[in-house]
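Source file: run_19.pdb. Holds: PDB, C-alpha atoms.
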ATOM      1  CA  MET L  24       0.000   0.000   0.000
ATOM      2  CA  ALA L  25       2.877   2.358   0.800
ATOM      3  CA  GLY L  26       4.338   1.735  -2.652
ATOM      4  CA  LEU L  27       1.018   2.571  -4.285
ATOM      5  CA  TRP L  28       0.834   5.824  -2.319
ATOM      6  CA  ARG L  29       4.421   6.736  -3.321
ATOM      7  CA  SER L  30       3.569   6.074  -6.974
ATOM      8  CA  TYR L  31       0.458   8.218  -6.655
ATOM      9  CA  GLN L  32       2.518  11.021  -5.057
ATOM     10  CA  ALA L  33       5.119  10.827  -7.834
ATOM     11  CA  LEU L  34       2.439  11.013 -10.532
ATOM     12  CA  MET L  35       0.737  13.910  -8.698
ATOM     13  CA  GLY L  36       4.043  15.769  -8.708
ATOM     14  CA  LYS L  37       4.519  15.212 -12.430
ATOM     15  CA  TYR L  38       0.929  15.349 -13.787
ATOM     16  CA  PRO L  39      -1.286  16.869 -11.066
ATOM     17  CA  TRP L  40      -4.240  17.881 -13.256
ATOM     18  CA  THR L  41      -4.394  14.577 -15.151
ATOM     19  CA  VAL L  42      -4.066  12.483 -11.991
ATOM     20  CA  GLN L  43      -6.820  14.458 -10.253
ATOM     21  CA  ILE L  44      -9.181  13.991 -13.210
ATOM     22  CA  VAL L  45      -8.418  10.273 -13.578
ATOM     23  CA  THR L  46      -8.859   9.806  -9.821
ATOM     24  CA  ALA L  47     -12.221  11.589  -9.851
ATOM     25  CA  GLY L  48     -13.546   9.657 -12.848
ATOM     26  CA  SER L  49     -12.406   6.331 -11.458
ATOM     27  CA  LEU L  50     -13.911   6.939  -8.032
ATOM     28  CA  VAL L  51     -17.234   8.125  -9.470
ATOM     29  CA  GLY L  52     -17.259   4.804 -11.340
ATOM     30  CA  VAL L  53     -16.488   2.904  -8.130
ATOM     31  CA  GLY L  54     -19.383   4.745  -6.484
ATOM     32  CA  ASP L  55     -21.727   3.574  -9.240
ATOM     33  CA  VAL L  56     -20.552  -0.027  -8.911
ATOM     34  CA  ILE L  57     -21.178   0.140  -5.160
ATOM     35  CA  SER L  58     -24.584   1.698  -5.812
ATOM     36  CA  GLN L  59     -25.601  -1.030  -8.233
ATOM     37  CA  GLN L  60     -24.180  -3.923  -6.214
ATOM     38  CA  LEU L  61     -24.727  -2.947  -2.578
ATOM     39  CA  ILE L  62     -27.605  -0.458  -2.591
ATOM     40  CA  GLU L  63     -29.671  -1.713  -5.526
ATOM     41  CA  ARG L  64     -28.452  -5.331  -5.180
ATOM     42  CA  ARG L  65     -28.463  -5.930  -8.938
ATOM     43  CA  GLY L  66     -25.898  -8.732  -8.888
ATOM     44  CA  LEU L  67     -23.043  -9.006 -11.359
ATOM     45  CA  SER L  68     -25.194 -10.506 -14.122
ATOM     46  CA  ASN L  69     -27.519  -7.478 -14.025
ATOM     47  CA  HIS L  70     -24.825  -4.828 -13.608
ATOM     48  CA  ASN L  71     -25.396  -1.968 -16.046
ATOM     49  CA  MET L  72     -21.912  -1.314 -17.478
ATOM     50  CA  GLN L  73     -23.243   1.461 -19.708
ATOM     51  CA  ARG L  74     -24.483   3.310 -16.629
ATOM     52  CA  THR L  75     -21.107   2.882 -14.917
ATOM     53  CA  ALA L  76     -19.391   4.229 -18.051
ATOM     54  CA  LYS L  77     -21.748   7.238 -18.081
ATOM     55  CA  MET L  78     -21.066   7.945 -14.424
ATOM     56  CA  MET L  79     -17.311   7.654 -15.006
ATOM     57  CA  SER L  80     -17.553  10.075 -17.916
ATOM     58  CA  ILE L  81     -19.266  12.569 -15.613
ATOM     59  CA  GLY L  82     -16.342  12.094 -13.227
ATOM     60  CA  PHE L  83     -13.698  12.524 -15.936
ATOM     61  CA  PHE L  84     -15.244  15.452 -17.804
ATOM     62  CA  PHE L  85     -17.271  17.283 -15.148
ATOM     63  CA  VAL L  86     -16.439  16.359 -11.535
ATOM     64  CA  GLY L  87     -12.639  16.191 -11.807
ATOM     65  CA  PRO L  88     -12.039  19.350 -13.826
ATOM     66  CA  LEU L  89     -14.688  21.415 -12.039
ATOM     67  CA  ILE L  90     -13.798  20.500  -8.466
ATOM     68  CA  GLY L  91     -10.052  20.632  -9.169
ATOM     69  CA  GLY L  92     -10.455  24.127 -10.621
ATOM     70  CA  TRP L  93     -12.812  25.174  -7.837
ATOM     71  CA  TYR L  94     -10.291  24.312  -5.134
ATOM     72  CA  LYS L  95      -7.635  26.392  -6.879
ATOM     73  CA  ALA L  96     -10.033  29.339  -7.179
ATOM     74  CA  LEU L  97     -11.207  28.945  -3.581
ATOM     75  CA  ASP L  98      -7.610  29.124  -2.344
ATOM     76  CA  ARG L  99      -7.304  32.485  -4.125
ATOM     77  CA  ILE L 100     -10.660  33.736  -2.800
ATOM     78  CA  VAL L 101      -9.969  32.766   0.820
ATOM     79  CA  VAL L 102      -6.247  32.843   1.517
ATOM     80  CA  GLY L 103      -4.563  30.922   4.317
ATOM     81  CA  GLY L 104      -4.568  27.624   6.139
ATOM     82  CA  SER L 105      -5.823  28.679   9.571
ATOM     83  CA  LYS L 106      -8.914  27.285  11.255
ATOM     84  CA  SER L 107     -10.716  30.518  10.421
ATOM     85  CA  ALA L 108      -9.755  30.257   6.734
ATOM     86  CA  ALA L 109     -10.887  26.604   6.670
ATOM     87  CA  MET L 110     -14.271  27.644   8.101
ATOM     88  CA  LYS L 111     -14.609  30.460   5.542
ATOM     89  CA  LYS L 112     -13.656  28.136   2.670
ATOM     90  CA  THR L 113     -16.210  25.593   3.865
ATOM     91  CA  LEU L 114     -18.903  28.263   4.091
ATOM     92  CA  VAL L 115     -18.199  29.550   0.568
ATOM     93  CA  ASP L 116     -17.962  25.983  -0.754
ATOM     94  CA  GLN L 117     -21.247  24.869   0.778
ATOM     95  CA  VAL L 118     -23.258  28.042   0.101
ATOM     96  CA  CYS L 119     -21.975  28.960  -3.372
ATOM     97  CA  PHE L 120     -20.496  25.864  -4.994
ATOM     98  CA  ALA L 121     -22.315  22.811  -3.630
ATOM     99  CA  PRO L 122     -25.870  23.812  -4.642
ATOM    100  CA  CYS L 123     -24.813  24.634  -8.220
ATOM    101  CA  PHE L 124     -22.582  21.579  -8.533
ATOM    102  CA  LEU L 125     -25.247  19.216  -7.247
ATOM    103  CA  GLY L 126     -27.943  20.588  -9.548
ATOM    104  CA  SER L 127     -25.590  20.376 -12.518
ATOM    105  CA  PHE L 128     -24.528  16.834 -11.645
ATOM    106  CA  LEU L 129     -28.135  15.643 -11.448
ATOM    107  CA  ALA L 130     -29.077  17.458 -14.669
ATOM    108  CA  ILE L 131     -26.096  16.035 -16.579
ATOM    109  CA  SER L 132     -26.909  12.546 -15.282
ATOM    110  CA  GLY L 133     -30.501  12.946 -16.423
ATOM    111  CA  ALA L 134     -29.436  14.114 -19.864
ATOM    112  CA  LEU L 135     -27.012  11.196 -20.242
ATOM    113  CA  ASN L 136     -29.823   8.863 -19.199
ATOM    114  CA  GLY L 137     -31.903  10.157 -22.100
ATOM    115  CA  LEU L 138     -34.392  12.239 -20.124
ATOM    116  CA  THR L 139     -36.181  14.999 -22.002
ATOM    117  CA  VAL L 140     -35.825  18.528 -20.648
ATOM    118  CA  GLU L 141     -39.269  18.253 -19.054
ATOM    119  CA  GLN L 142     -38.453  14.878 -17.469
ATOM    120  CA  ASN L 143     -35.141  16.206 -16.221
ATOM    121  CA  VAL L 144     -36.805  19.259 -14.650
ATOM    122  CA  THR L 145     -39.389  17.012 -12.964
ATOM    123  CA  LYS L 146     -36.626  14.742 -11.662
ATOM    124  CA  LEU L 147     -34.623  17.729 -10.389
ATOM    125  CA  LYS L 148     -37.689  19.091  -8.586
ATOM    126  CA  ARG L 149     -38.205  15.682  -6.990
ATOM    127  CA  ASP L 150     -34.586  14.875  -6.026
ATOM    128  CA  TYR L 151     -32.574  18.093  -5.689
ATOM    129  CA  THR L 152     -33.685  19.277  -2.239
ATOM    130  CA  ASP L 153     -33.266  15.835  -0.682
ATOM    131  CA  ALA L 154     -29.799  15.483  -2.229
ATOM    132  CA  LEU L 155     -28.772  18.975  -1.074
ATOM    133  CA  ILE L 156     -29.907  18.277   2.504
ATOM    134  CA  SER L 157     -27.980  14.995   2.415
ATOM    135  CA  ASN L 158     -24.971  16.965   1.173
ATOM    136  CA  TYR L 159     -25.150  19.197   4.239
ATOM    137  CA  TYR L 160     -25.089  16.189   6.578
ATOM    138  CA  LEU L 161     -21.792  14.937   5.151
ATOM    139  CA  TRP L 162     -19.706  17.585   3.457
ATOM    140  CA  PRO L 163     -19.246  20.512   5.877
ATOM    141  CA  ALA L 164     -17.291  18.377   8.385
ATOM    142  CA  VAL L 165     -15.270  16.740   5.601
ATOM    143  CA  GLN L 166     -14.465  20.094   4.010
ATOM    144  CA  ILE L 167     -13.390  21.780   7.251
ATOM    145  CA  ALA L 168     -10.858  18.980   7.803
ATOM    146  CA  ASN L 169      -9.902  18.988   4.115
ATOM    147  CA  PHE L 170      -9.261  22.741   3.970
ATOM    148  CA  TYR L 171      -7.402  22.797   7.303
ATOM    149  CA  PHE L 172      -5.210  19.684   7.111
ATOM    150  CA  VAL L 173      -4.824  18.738   3.430
ATOM    151  CA  PRO L 174      -2.526  20.476   0.915
ATOM    152  CA  LEU L 175      -4.265  21.874  -2.182
ATOM    153  CA  GLN L 176      -2.880  19.239  -4.572
ATOM    154  CA  HIS L 177      -4.418  16.414  -2.495
ATOM    155  CA  ARG L 178      -7.827  17.928  -1.710
ATOM    156  CA  LEU L 179      -9.612  16.486  -4.710
ATOM    157  CA  ALA L 180      -8.262  13.009  -3.908
ATOM    158  CA  VAL L 181      -9.337  13.243  -0.263
ATOM    159  CA  VAL L 182     -12.783  14.430  -1.292
ATOM    160  CA  GLN L 183     -13.085  11.671  -3.890
ATOM    161  CA  ILE L 184     -12.120   8.978  -1.362
ATOM    162  CA  VAL L 185     -14.852  10.203   0.992
ATOM    163  CA  ALA L 186     -17.030  10.664  -2.061
ATOM    164  CA  VAL L 187     -17.022   6.952  -2.896
ATOM    165  CA  THR L 188     -19.866   6.719  -0.390
ATOM    166  CA  TRP L 189     -21.373  10.004  -1.608
ATOM    167  CA  ASN L 190     -21.020   8.933  -5.249
ATOM    168  CA  SER L 191     -22.844   5.709  -4.444
ATOM    169  CA  TYR L 192     -25.709   7.782  -3.058
ATOM    170  CA  LEU L 193     -25.608  10.239  -5.985
ATOM    171  CA  SER L 194     -25.496   7.449  -8.536
ATOM    172  CA  TRP L 195     -28.518   5.836  -6.911
ATOM    173  CA  LYS L 196     -30.313   9.211  -6.741
ATOM    174  CA  ALA L 197     -29.360  10.193 -10.300
ATOM    175  CA  ASN L 198     -30.398   6.864 -11.791
ATOM    176  CA  LYS L 199     -33.575   6.339  -9.774
ATOM    177  CA  MET L 200     -36.436   6.859 -12.189
TER     178      MET L 200
END
Spell out the structure here as structure tokens.
Amino acid sequence: MAGLWRSYQALMGKYPWTVQIVTAGSLVGVGDVISQQLIERRGLSNHNMQRTAKMMSIGFFFVGPLIGGWYKALDRIVVGGSKSAAMKKTLVDQVCFAPCFLGSFLAISGALNGLTVEQNVTKLKRDYTDALISNYYLWPAVQIANFYFVPLQHRLAVVQIVAVTWNSYLSWKANKM
């Protein structure tokens, strides 16, 4: 395990943006597999690989780039690594970023699942508030620790590790028709 972590660190030093995006996409995919196998109990023979591929693509092309860029911008908006700065970053993250990100994630998932605009709007009206409230149960504590203890280049990875559970929930929520 230590060797894997050293390899990850070396790749992060050399290709930080690419590694962050690949990590995000992979872990969104893991979240979908967990959702299908443990939450929905589909079994391997009924696993929807196309759905997992769609969720991974959201991770590669939306989650990774957006959250990676957001953390860089947030470090410029709220400068410092003190407890106070971590609290401010968490407040800005949860009030400004999280609601927009979550709505976009659900809308993109709906579009990739072939929902019409009307169906997607109906689904968002049904699921968004519940997902946002669930977000507030998990993410503020994670983000305070993340912003206070974790260096910028590792924040996306830390969030995505915690997010395996969150991604399982989001995948279930996004794919529940």
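The space between atom CA of L:Val45 and atom CA of L:Lys196 spans 23.0 Å.
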Min atom-atom distance to L:Ala109 from the set L:Tyr159, L:Tyr38, L:Phe128, L:Tyr171, counting all atoms listed in the file, belongs to L:Tyr171
I want to know what sits within 12 Å of L:Val182, based on all atoms listed in the file, with residues of the same chain fewer than 2 positions away left out; could you give that as an NGL selection string? :L and (43 or 46-47 or 50-51 or 86-87 or 90-91 or 94 or 161-170 or 173 or 175-180 or 184-190)
Kindly save the residues from that selection, with C-alpha atoms included, as a PDB file, in the coordinates of the input.
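selection_22.pdb written:
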ATOM      1  CA  GLN L  43      -6.820  14.458 -10.253  1.00  0.00           C
ATOM      2  CA  THR L  46      -8.859   9.806  -9.821  1.00  0.00           C
ATOM      3  CA  ALA L  47     -12.221  11.589  -9.851  1.00  0.00           C
ATOM      4  CA  LEU L  50     -13.911   6.939  -8.032  1.00  0.00           C
ATOM      5  CA  VAL L  51     -17.234   8.125  -9.470  1.00  0.00           C
ATOM      6  CA  VAL L  86     -16.439  16.359 -11.535  1.00  0.00           C
ATOM      7  CA  GLY L  87     -12.639  16.191 -11.807  1.00  0.00           C
ATOM      8  CA  ILE L  90     -13.798  20.500  -8.466  1.00  0.00           C
ATOM      9  CA  GLY L  91     -10.052  20.632  -9.169  1.00  0.00           C
ATOM     10  CA  TYR L  94     -10.291  24.312  -5.134  1.00  0.00           C
ATOM     11  CA  LEU L 161     -21.792  14.937   5.151  1.00  0.00           C
ATOM     12  CA  TRP L 162     -19.706  17.585   3.457  1.00  0.00           C
ATOM     13  CA  PRO L 163     -19.246  20.512   5.877  1.00  0.00           C
ATOM     14  CA  ALA L 164     -17.291  18.377   8.385  1.00  0.00           C
ATOM     15  CA  VAL L 165     -15.270  16.740   5.601  1.00  0.00           C
ATOM     16  CA  GLN L 166     -14.465  20.094   4.010  1.00  0.00           C
ATOM     17  CA  ILE L 167     -13.390  21.780   7.251  1.00  0.00           C
ATOM     18  CA  ALA L 168     -10.858  18.980   7.803  1.00  0.00           C
ATOM     19  CA  ASN L 169      -9.902  18.988   4.115  1.00  0.00           C
ATOM     20  CA  PHE L 170      -9.261  22.741   3.970  1.00  0.00           C
ATOM     21  CA  VAL L 173      -4.824  18.738   3.430  1.00  0.00           C
ATOM     22  CA  LEU L 175      -4.265  21.874  -2.182  1.00  0.00           C
ATOM     23  CA  GLN L 176      -2.880  19.239  -4.572  1.00  0.00           C
ATOM     24  CA  HIS L 177      -4.418  16.414  -2.495  1.00  0.00           C
ATOM     25  CA  ARG L 178      -7.827  17.928  -1.710  1.00  0.00           C
ATOM     26  CA  LEU L 179      -9.612  16.486  -4.710  1.00  0.00           C
ATOM     27  CA  ALA L 180      -8.262  13.009  -3.908  1.00  0.00           C
ATOM     28  CA  ILE L 184     -12.120   8.978  -1.362  1.00  0.00           C
ATOM     29  CA  VAL L 185     -14.852  10.203   0.992  1.00  0.00           C
ATOM     30  CA  ALA L 186     -17.030  10.664  -2.061  1.00  0.00           C
ATOM     31  CA  VAL L 187     -17.022   6.952  -2.896  1.00  0.00           C
ATOM     32  CA  THR L 188     -19.866   6.719  -0.390  1.00  0.00           C
ATOM     33  CA  TRP L 189     -21.373  10.004  -1.608  1.00  0.00           C
ATOM     34  CA  ASN L 190     -21.020   8.933  -5.249  1.00  0.00           C
TER      35      ASN L 190
END
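Straight-line separation from atom CA of L:His70 to atom CA of L:Val56: 8.0 Å.
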Might you pull out every residue within 9 Å of L:Leu155, with all atoms listed in the file counted and same-chain residues fewer than 3 positions away left off, and present them as a ChimeraX atom specification? /L:121-122,125-126,150-152,158-160
